[in-house]
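Trainee: Sending over protein.cif (mmCIF, C-alpha atoms and all ligand atoms).
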data_my_file
#
loop_
_atom_site.label_atom_id
_atom_site.label_comp_id
_atom_site.auth_asym_id
_atom_site.auth_seq_id
_atom_site.Cartn_x
_atom_site.Cartn_y
_atom_site.Cartn_z
CA MET A 1191 0.00 0.00 0.00
CA ARG A 1192 1.26 3.46 -0.83
CA LYS A 1193 1.58 6.07 1.89
CA PRO A 1194 1.13 9.86 1.82
CA THR A 1195 4.84 10.20 2.54
CA ASP A 1196 5.79 8.28 -0.63
CA GLU A 1197 7.16 10.25 -3.57
CA CYS A 1198 4.74 11.42 -6.27
CA LEU A 1199 5.13 8.95 -9.13
CA LEU A 1200 5.10 11.70 -11.77
CA CYS A 1201 7.45 14.41 -10.46
CA ARG A 1202 9.31 12.18 -7.99
CA ILE A 1203 9.90 15.25 -5.85
CA ASN A 1204 6.80 16.12 -3.85
CA ALA A 1205 5.03 13.82 -1.42
CA ALA A 1206 2.14 11.89 -2.98
CA THR A 1207 -0.47 13.32 -0.66
CA LYS A 1208 -3.39 13.33 -3.10
CA THR A 1209 -6.23 10.92 -2.38
CA ASN A 1210 -8.84 9.67 -4.86
CA SER A 1211 -6.84 10.27 -8.03
CA HIS A 1212 -8.81 8.93 -10.98
CA ILE A 1213 -6.76 6.61 -13.13
CA LEU A 1214 -8.94 7.38 -16.14
CA PRO A 1215 -10.32 10.91 -16.50
CA ARG A 1216 -13.69 11.09 -14.85
CA PHE A 1217 -15.31 13.05 -17.66
CA ILE A 1218 -15.03 10.14 -20.07
CA SER A 1219 -14.98 7.21 -17.70
CA THR A 1220 -18.28 7.32 -15.86
CA GLY A 1221 -20.91 7.28 -18.64
CA PHE A 1222 -21.01 3.49 -18.55
CA LEU A 1223 -22.35 3.66 -15.02
CA GLY A 1224 -25.69 4.93 -16.29
CA ALA A 1225 -27.42 8.24 -15.87
CA LYS A 1226 -27.03 10.32 -12.76
CA GLY A 1227 -29.89 9.75 -10.35
CA THR A 1228 -30.21 6.06 -11.31
CA PRO A 1229 -28.34 3.37 -9.39
CA ARG A 1230 -24.92 3.82 -10.96
CA LYS A 1231 -23.19 0.56 -11.61
CA GLY A 1232 -20.82 -0.62 -14.30
CA PHE A 1233 -18.49 -3.44 -15.17
CA LEU A 1234 -14.79 -3.33 -14.93
CA LEU A 1235 -12.78 -5.92 -16.83
CA ASN A 1236 -9.35 -6.98 -15.73
CA GLY A 1237 -8.95 -10.58 -16.79
CA LYS A 1238 -9.76 -11.85 -13.31
CA ASN A 1239 -13.34 -11.04 -12.47
CA GLU A 1240 -14.79 -12.57 -15.57
CA LEU A 1241 -15.05 -16.13 -14.36
CA SER A 1242 -16.70 -15.36 -11.08
CA VAL A 1243 -20.37 -16.10 -10.77
CA LYS A 1244 -21.07 -12.50 -10.01
CA PRO A 1245 -19.05 -10.08 -12.14
CA LYS A 1246 -17.48 -7.26 -10.22
CA THR A 1247 -19.48 -4.09 -10.48
CA VAL A 1248 -18.22 -0.65 -9.69
CA GLN A 1249 -19.92 2.61 -8.85
CA ASP A 1250 -17.23 5.03 -9.86
CA SER A 1251 -14.32 4.90 -12.23
CA PRO A 1252 -11.22 3.54 -10.46
CA LYS A 1253 -9.34 5.87 -8.16
CA GLU A 1254 -6.26 5.48 -6.05
CA ASP A 1255 -4.66 7.24 -3.10
CA TYR A 1256 -1.11 8.53 -2.77
CA ILE A 1257 0.11 8.17 -6.34
CA LEU A 1258 0.33 11.89 -7.14
CA CYS A 1259 1.12 15.15 -5.39
CA ASP A 1260 -1.45 17.96 -5.44
CA GLU A 1261 0.43 19.78 -8.19
CA CYS A 1262 0.65 16.86 -10.57
CA GLU A 1263 -3.03 16.10 -9.96
CA ALA A 1264 -3.88 19.74 -10.75
CA TYR A 1265 -1.82 19.49 -13.94
CA PHE A 1266 -3.81 16.45 -15.09
CA SER A 1267 -7.04 18.30 -14.27
CA LEU A 1268 -5.87 21.13 -16.51
CA LEU A 1269 -5.39 18.69 -19.42
CA GLU A 1270 -8.78 17.10 -18.73
CA THR A 1271 -10.68 20.37 -18.49
CA ALA A 1272 -9.17 21.57 -21.77
CA SER A 1273 -9.94 18.30 -23.59
CA ALA A 1274 -13.38 17.48 -22.19
CA PRO A 1275 -15.59 19.68 -24.43
CA SER A 1276 -14.09 18.31 -27.66
CA LEU A 1277 -14.27 14.66 -26.64
CA LYS A 1278 -17.69 14.88 -25.04
CA PHE A 1279 -19.43 17.08 -27.57
CA TRP A 1280 -17.77 16.31 -30.92
CA GLN A 1281 -21.11 15.15 -32.33
CA ALA A 1282 -22.86 18.41 -31.46
CA LYS A 1283 -19.97 20.28 -33.06
CA VAL A 1284 -20.30 18.23 -36.24
CA MET A 1285 -24.03 19.02 -36.32
CA LYS A 1286 -23.33 22.72 -35.98
CA GLY A 1287 -20.80 22.51 -38.81
CA GLU A 1288 -17.89 23.39 -36.53
CA LEU A 1289 -16.15 20.09 -37.21
CA LYS A 1290 -15.71 18.17 -40.41
CA ILE A 1291 -16.55 14.48 -40.54
CA VAL A 1292 -14.88 12.64 -43.41
CA PRO A 1293 -16.29 9.31 -44.61
CA ILE A 1294 -13.52 6.77 -45.24
CA HIS A 1295 -15.67 3.70 -45.84
CA PRO A 1296 -19.15 2.57 -44.76
CA HIS A 1297 -18.01 1.66 -41.26
CA LEU A 1298 -15.43 4.38 -40.63
CA LYS A 1299 -15.40 8.15 -40.56
CA LEU A 1300 -12.74 10.55 -39.38
CA VAL A 1301 -13.33 13.66 -37.33
CA HIS A 1302 -10.65 16.31 -37.14
CA LEU A 1303 -10.95 18.08 -33.83
CA ASN A 1304 -10.34 21.84 -33.88
CA SER A 1305 -9.69 22.25 -30.18
CA PRO A 1306 -7.92 22.11 -27.83
CA ASP A 1307 -4.35 22.33 -29.12
CA PRO A 1308 -3.52 18.82 -30.42
CA LEU A 1309 -0.63 18.62 -27.99
CA ILE A 1310 -3.02 18.93 -25.02
CA ILE A 1311 -5.04 15.90 -26.09
CA ARG A 1312 -1.80 14.05 -26.80
CA LEU A 1313 -0.60 14.76 -23.26
CA LEU A 1314 -3.98 13.67 -21.87
CA VAL A 1315 -3.72 10.37 -23.76
CA TYR A 1316 -0.12 9.92 -22.57
CA SER A 1317 -1.34 10.54 -19.02
CA MET A 1318 -4.06 7.88 -19.24
CA PHE A 1319 -1.64 5.20 -20.40
CA TRP A 1320 0.92 6.27 -17.82
CA ARG A 1321 -1.66 6.28 -15.02
CA ALA A 1322 -2.90 2.80 -16.02
CA ASP A 1323 0.72 1.61 -16.01
CA ILE A 1324 1.63 2.93 -12.56
CA SER A 1325 -1.65 2.04 -10.87
CA SER A 1326 -1.54 -0.80 -8.41
CA LEU A 1327 -5.32 -1.11 -8.22
CA GLU A 1328 -6.49 -4.62 -8.94
CA SER A 1329 -7.99 -3.52 -12.28
CA PHE A 1330 -4.60 -2.33 -13.53
CA GLU A 1331 -2.04 -4.36 -11.64
CA ASP A 1332 -1.28 -6.63 -14.60
CA TYR A 1333 -1.27 -3.73 -17.05
CA LYS A 1334 2.40 -2.96 -17.56
CA LEU A 1335 3.57 -1.03 -20.58
CA ASP A 1336 6.97 -1.49 -22.14
CA PRO A 1337 9.19 0.17 -19.48
CA ASP A 1338 10.88 2.49 -22.01
CA LEU A 1339 7.50 3.69 -23.23
CA ALA A 1340 6.22 4.19 -19.68
CA GLU A 1341 9.29 6.23 -18.75
CA SER A 1342 9.06 8.29 -21.93
CA LEU A 1343 5.41 9.07 -21.17
CA ARG A 1344 6.36 10.12 -17.64
CA SER A 1345 9.26 12.34 -18.72
CA ASN A 1346 7.21 13.99 -21.47
CA LEU A 1347 4.34 14.63 -19.09
CA LEU A 1348 6.72 16.12 -16.58
CA GLU A 1349 8.40 18.28 -19.23
CA PHE A 1350 5.07 20.00 -19.96
CA LYS A 1351 3.83 20.12 -16.39
CA ALA A 1352 1.98 23.37 -15.77
CA LEU A 1353 -0.36 24.68 -13.14
CA THR A 1354 -1.97 27.34 -15.30
CA ASN A 1355 -3.10 27.45 -18.91
CA ALA A 1356 -0.66 30.28 -19.57
CA ASP A 1357 2.25 28.14 -18.38
CA LEU A 1358 1.02 25.22 -20.44
CA GLN A 1359 0.84 27.41 -23.57
CA ALA A 1360 4.35 28.69 -22.90
CA HIS A 1361 5.72 25.14 -22.57
CA MET A 1362 3.97 24.11 -25.75
CA LYS A 1363 5.68 26.92 -27.65
CA ALA A 1364 9.10 26.23 -26.21
CA LYS A 1365 9.33 22.46 -25.91
CA GLN A 1366 9.30 19.39 -28.10
CA VAL A 1367 7.27 16.31 -27.35
CA THR A 1368 8.46 12.77 -28.08
CA ILE A 1369 6.09 11.24 -30.58
CA HIS A 1370 4.37 8.02 -29.65
CA PRO A 1371 1.65 7.65 -32.29
CA TYR A 1372 -1.80 7.24 -30.82
CA ALA A 1373 -5.28 6.63 -32.14
CA THR A 1374 -8.68 7.40 -30.65
CA MET A 1375 -11.79 5.44 -31.58
CA THR A 1376 -15.41 6.07 -30.77
CA ALA A 1377 -18.78 5.29 -32.32
CA GLY A 1378 -21.51 7.51 -33.69
CA ALA A 1379 -24.07 5.57 -31.66
CA PHE A 1380 -24.04 2.80 -29.10
CA LYS A 1381 -26.32 -0.20 -28.87
CA ASP A 1382 -26.68 0.24 -25.15
CA GLU A 1383 -24.71 2.99 -23.48
CA THR A 1384 -24.53 1.16 -20.19
CA LYS A 1385 -23.06 -1.92 -21.89
CA ASN A 1386 -19.82 -0.06 -22.43
CA VAL A 1387 -16.93 -1.02 -20.24
CA LEU A 1388 -13.66 0.12 -18.79
CA ALA A 1389 -10.90 -2.25 -19.67
CA ALA A 1390 -7.14 -2.25 -19.47
CA ILE A 1391 -6.25 -5.62 -20.88
CA ASN A 1392 -3.73 -5.18 -23.66
CA PRO A 1393 -0.49 -3.40 -22.71
CA GLY A 1394 1.24 -4.57 -25.93
CA ASN A 1395 2.27 -2.50 -28.95
CA PRO A 1396 -0.10 -0.84 -29.58
CA ALA A 1397 -1.27 -0.79 -26.01
CA SER A 1398 -4.98 -0.17 -25.68
CA LEU A 1399 -7.33 1.24 -23.11
CA LEU A 1400 -11.06 1.06 -23.36
CA VAL A 1401 -12.67 3.94 -21.56
CA ASP A 1402 -16.45 3.75 -21.88
CA LYS A 1403 -17.20 5.40 -25.25
CA PHE A 1404 -13.57 5.78 -26.29
CA GLY A 1405 -10.87 3.37 -27.22
CA PHE A 1406 -7.30 4.62 -27.12
CA TYR A 1407 -4.29 2.96 -28.74
CA ILE A 1408 -0.68 3.96 -28.36
CA PHE A 1409 2.29 2.75 -30.37
CA LYS A 1410 5.80 2.91 -29.07
CA ALA A 1411 7.27 4.43 -32.22
CA GLU A 1412 6.25 5.59 -35.66
CA LYS A 1413 7.75 2.51 -37.30
CA ASP A 1414 5.34 0.34 -35.29
CA ILE A 1415 2.24 1.64 -37.05
CA ALA A 1416 3.26 0.19 -40.43
CA GLY A 1417 0.80 -2.50 -41.45
CA ASN A 1418 -1.68 -1.75 -38.66
CA PHE A 1419 -5.25 -1.17 -39.82
CA MET A 1420 -5.22 2.14 -37.95
CA ALA A 1421 -2.00 3.36 -39.62
CA ASP A 1422 -3.68 6.10 -41.67
CA PHE A 1423 -5.91 7.24 -38.82
CA THR A 1424 -3.28 7.50 -36.14
CA ASN A 1425 -2.11 10.80 -34.68
CA VAL A 1426 1.52 10.82 -35.66
CA LYS A 1427 2.45 14.45 -36.22
CA VAL A 1428 2.27 16.93 -33.33
CA SER A 1429 -0.49 18.75 -35.24
CA ASP A 1430 -2.65 15.63 -35.76
CA ASN A 1431 -5.91 15.68 -33.80
CA GLN A 1432 -8.26 13.14 -35.31
CA ILE A 1433 -10.63 10.52 -33.97
CA MET A 1434 -11.96 7.46 -35.75
CA VAL A 1435 -15.72 7.12 -35.65
CA VAL A 1436 -16.83 3.57 -36.34
CA SER A 1437 -20.28 2.11 -36.84
CA GLU A 1438 -22.33 0.85 -33.93
CA GLN A 1439 -21.77 -2.75 -35.04
CA ILE A 1440 -17.97 -2.43 -35.36
CA TRP A 1441 -17.85 -0.76 -31.97
CA TYR A 1442 -19.75 -3.59 -30.40
CA ASP A 1443 -17.66 -6.29 -32.08
CA VAL A 1444 -14.26 -4.69 -31.51
CA MET A 1445 -14.71 -2.72 -28.31
CA VAL A 1446 -17.31 -4.59 -26.29
CA LYS A 1447 -17.43 -8.22 -27.37
CA ARG A 1448 -13.73 -8.67 -28.06
CA PRO A 1449 -12.52 -7.17 -24.77
CA LEU A 1450 -15.00 -9.40 -22.94
CA GLU A 1451 -13.57 -12.42 -24.72
CA MET A 1452 -9.99 -11.30 -24.06
CA ALA A 1453 -10.78 -10.72 -20.41
CA ALA A 1454 -12.35 -14.16 -20.15
CA GLU A 1455 -9.29 -15.73 -21.83
CA GLN A 1456 -7.00 -13.88 -19.43
CA ALA A 1457 -9.13 -14.94 -16.47
CA LYS A 1458 -8.79 -18.57 -17.54
CA LYS A 1459 -5.01 -18.16 -17.78
CA ASN A 1460 -4.93 -16.58 -14.34
CA LEU A 1461 -6.96 -19.46 -12.99
CA ALA A 1462 -4.60 -22.00 -14.57
CA ASN A 1463 -1.48 -20.21 -13.32
CA PRO A 1464 -2.33 -18.56 -10.03
CA LYS A 1465 0.30 -16.13 -8.78
ZN ZN B 1 4.10 15.40 -8.41
#
I'd like the structure from this file rewritten - as structure tokens, please.

Mentor:
Amino acid sequence: MRKPTDECLLCRINAATKTNSHILPRFISTGFLGAKGTPRKGFLLNGKNELSVKPKTVQDSPKEDYILCDECEAYFSLLETASAPSLKFWQAKVMKGELKIVPIHPHLKLVHLNSPDPLIIRLLVYSMFWRADISSLESFEDYKLDPDLAESLRSNLLEFKALTNADLQAHMKAKQVTIHPYATMTAGAFKDETKNVLAAINPGNPASLLVDKFGFYIFKAEKDIAGNFMADFTNVKVSDNQIMVVSEQIWYDVMVKRPLEMAAEQAKKNLANPK
């Protein structure tokens, strides 16, 4: 168990006094629990719960004590606040004509976000993968990224650490980010919004995180995207800020059914080889 006197895992300077740090940003990770005012309950997959008679339900997205200091937590909040409107309301923006949606084929469209600065969303995505990596909560304890990638995410996040938007803007003008290509996937509609899940099952290359209505993929390096079906839709350049919008059916098959199967497979492996 971590203690409030332990070092913050991001800056490694201040004491990690913050409690209830969300591993996945709250603004995108709690929709699967159902509407506010109803009994909020969702499913969390981790390759362990899936074989139990009663799947583990959760009432909030996972949070952990004593991993961050107050400053680093505030920095992540800054990234989340700046990114939330675009990720939550991209559809409304498309309807108003503020964002372009480009059909690629019948099951895939691309949306180019116009805000916030692409680097802010990139840092937010880096932070989610890094947080999933460092978390020792049961849901994430087996989720370990390639150590070089994890350290690169940490050092890049730290390089841009800011406590105000003005400082963040100044860092973005002055500093260079290490590119780890990433892709974001969502759907235009969902069969059943509460059937979505949070899952951190595949820490490979690309590593993936399924956060309710969004799937995120990160590749270690640009050379790793060659041959991947997402190659053309991945955010490689610093200025890239696009999300893949797939059909309801593809979303269900790739993001709901497949993670459930993977989690069940992992659970069987865990059962066969207990730690
Ligand atoms: Zn810190």

Trainee: For Ser1429 of chain A, please output as a compact mmCIF listing (two decimals) with C-alpha atoms, keeping the file's coordinate frame all residues within 10 Å (counting all atoms listed in the file; exclusion window: fewer than 5 positions along the same chain).

Mentor:
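Result file follows (part_37.txt):
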# COMPACT_ATOMS: atom_id res chain seq x y z
CA ASP A 1307 -4.35 22.33 -29.12
CA PRO A 1308 -3.52 18.82 -30.42
CA LEU A 1309 -0.63 18.62 -27.99
CA ARG A 1312 -1.80 14.05 -26.80

Trainee: Could you tell me, counting only C-alpha atoms and all ligand atoms, which protein and nucleic acid residues lie no more than 10 Å from ligand ZN 1 (chain B), written as a list of chain:residue names?

Mentor: A:Glu1197, A:Cys1198, A:Leu1199, A:Leu1200, A:Cys1201, A:Arg1202, A:Ile1203, A:Asn1204, A:Ala1205, A:Ala1206, A:Thr1207, A:Lys1208, A:Ile1257, A:Leu1258, A:Cys1259, A:Asp1260, A:Glu1261, A:Cys1262, A:Glu1263, A:Ala1264, A:Tyr1265, A:Leu1348, A:Lys1351

Trainee: Please check which residues have atoms at most 12 Å from (-2.7, 3.8, -12.7) in the file's coordinates, counting only C-alpha atoms, and write them as a ChimeraX atom specification.

Mentor: /A:1199-1200,1210-1215,1251-1258,1316-1335,1340,1390,1399

Trainee: Rank A:Pro1306, A:Gly1287, A:Pro1371, A:Gly1405 by their smallest atom-to-atom distance to Ala1421 of chain A, using only C-alpha atoms, and report the top residue only.

Mentor: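 For Ala1421 of chain A, the nearest of the given residues is A:Pro1371.
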
Trainee: For Ala1397 of chain A, which residue out of A:Gln1432, A:Ala1453, A:Glu1349, A:Val1315 is the nearest one, using only C-alpha atoms?

Mentor: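 Of A:Gln1432, A:Ala1453, A:Glu1349, A:Val1315, the one nearest Ala1397 of chain A is A:Val1315, counting only C-alpha atoms.
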
Trainee: For Phe1217 of chain A, which of A:Glu1455, A:Asp1414, A:Asp1402, A:Asp1422 is the closest residue, counting all atoms listed in the file?

Mentor: A:Asp1402

Trainee: Residues within 8 Å of (2.2, -2.3, -26.9), file coordinates, counting all atoms listed in the file: what are they? Give the list as an MDAnalysis selection string.

Mentor: chainID A and resid 1335:1336 1392:1398 1408:1410

Trainee: May I have the residues within 9 Å of Asn1346 of chain A as a count of residues only, using all atoms listed in the file and disregarding those fewer than 5 positions away in the same chain?

Mentor: 7

Trainee: Taking 5 positions as the minimum chain separation for residues in the same chain, which residues sit within 7 Å of Gly1378 of chain A when counting all atoms listed in the file? Answer as a VMD selection string.

Mentor: chain A and resid 1435 to 1438

Trainee: Hey, which of A:Val1401, A:Ile1294, A:Asn1463, A:Leu1289 ends up closest to Pro1449 of chain A? Count only C-alpha atoms.

Mentor: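 For Pro1449 of chain A, the nearest of the given residues is A:Val1401.
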
Trainee: Which one of A:Glu1288, A:Ala1454, A:Ile1311, A:Thr1209 sits closest to Lys1193 of chain A if you count all atoms listed in the file?

Mentor: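 Ranking A:Glu1288, A:Ala1454, A:Ile1311, A:Thr1209 by distance to Lys1193 of chain A, first place goes to A:Thr1209.
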
Trainee: If I take atom CA of Ile1291 of chain A and atom CA of Asn1355 of chain A, how far is one from the other in Å, to one decimal?

Mentor: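 Spanning atom CA of Ile1291 of chain A to atom CA of Asn1355 of chain A is a straight-line distance of 28.6 Å.
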
Trainee: Could you please determine the separation between atom CA of His1361 of chain A and atom CA of Lys1427 of chain A in Å, to one decimal place?

Mentor: 17.6 Å

Trainee: Distance atom CA of Ala1377 of chain A-atom CA of Asn1425 of chain A, one decimal place?

Mentor: 17.7 Å

Trainee: Set the distance at 6 Å and use all atoms listed in the file: which residues neighbour Lys1299 of chain A once local chain neighbours fewer than 6 positions away are removed? I'd like the list as an mmCIF file with C-alpha atoms, in the coordinates of the input.

Mentor:
data_model
loop_
_atom_site.group_PDB
_atom_site.id
_atom_site.type_symbol
_atom_site.label_atom_id
_atom_site.label_comp_id
_atom_site.auth_asym_id
_atom_site.auth_seq_id
_atom_site.Cartn_x
_atom_site.Cartn_y
_atom_site.Cartn_z
ATOM 1 C CA VAL A 1292 -14.880 12.640 -43.410
ATOM 2 C CA PRO A 1293 -16.290 9.310 -44.610
ATOM 3 C CA MET A 1434 -11.960 7.460 -35.750
ATOM 4 C CA VAL A 1435 -15.720 7.120 -35.650
#
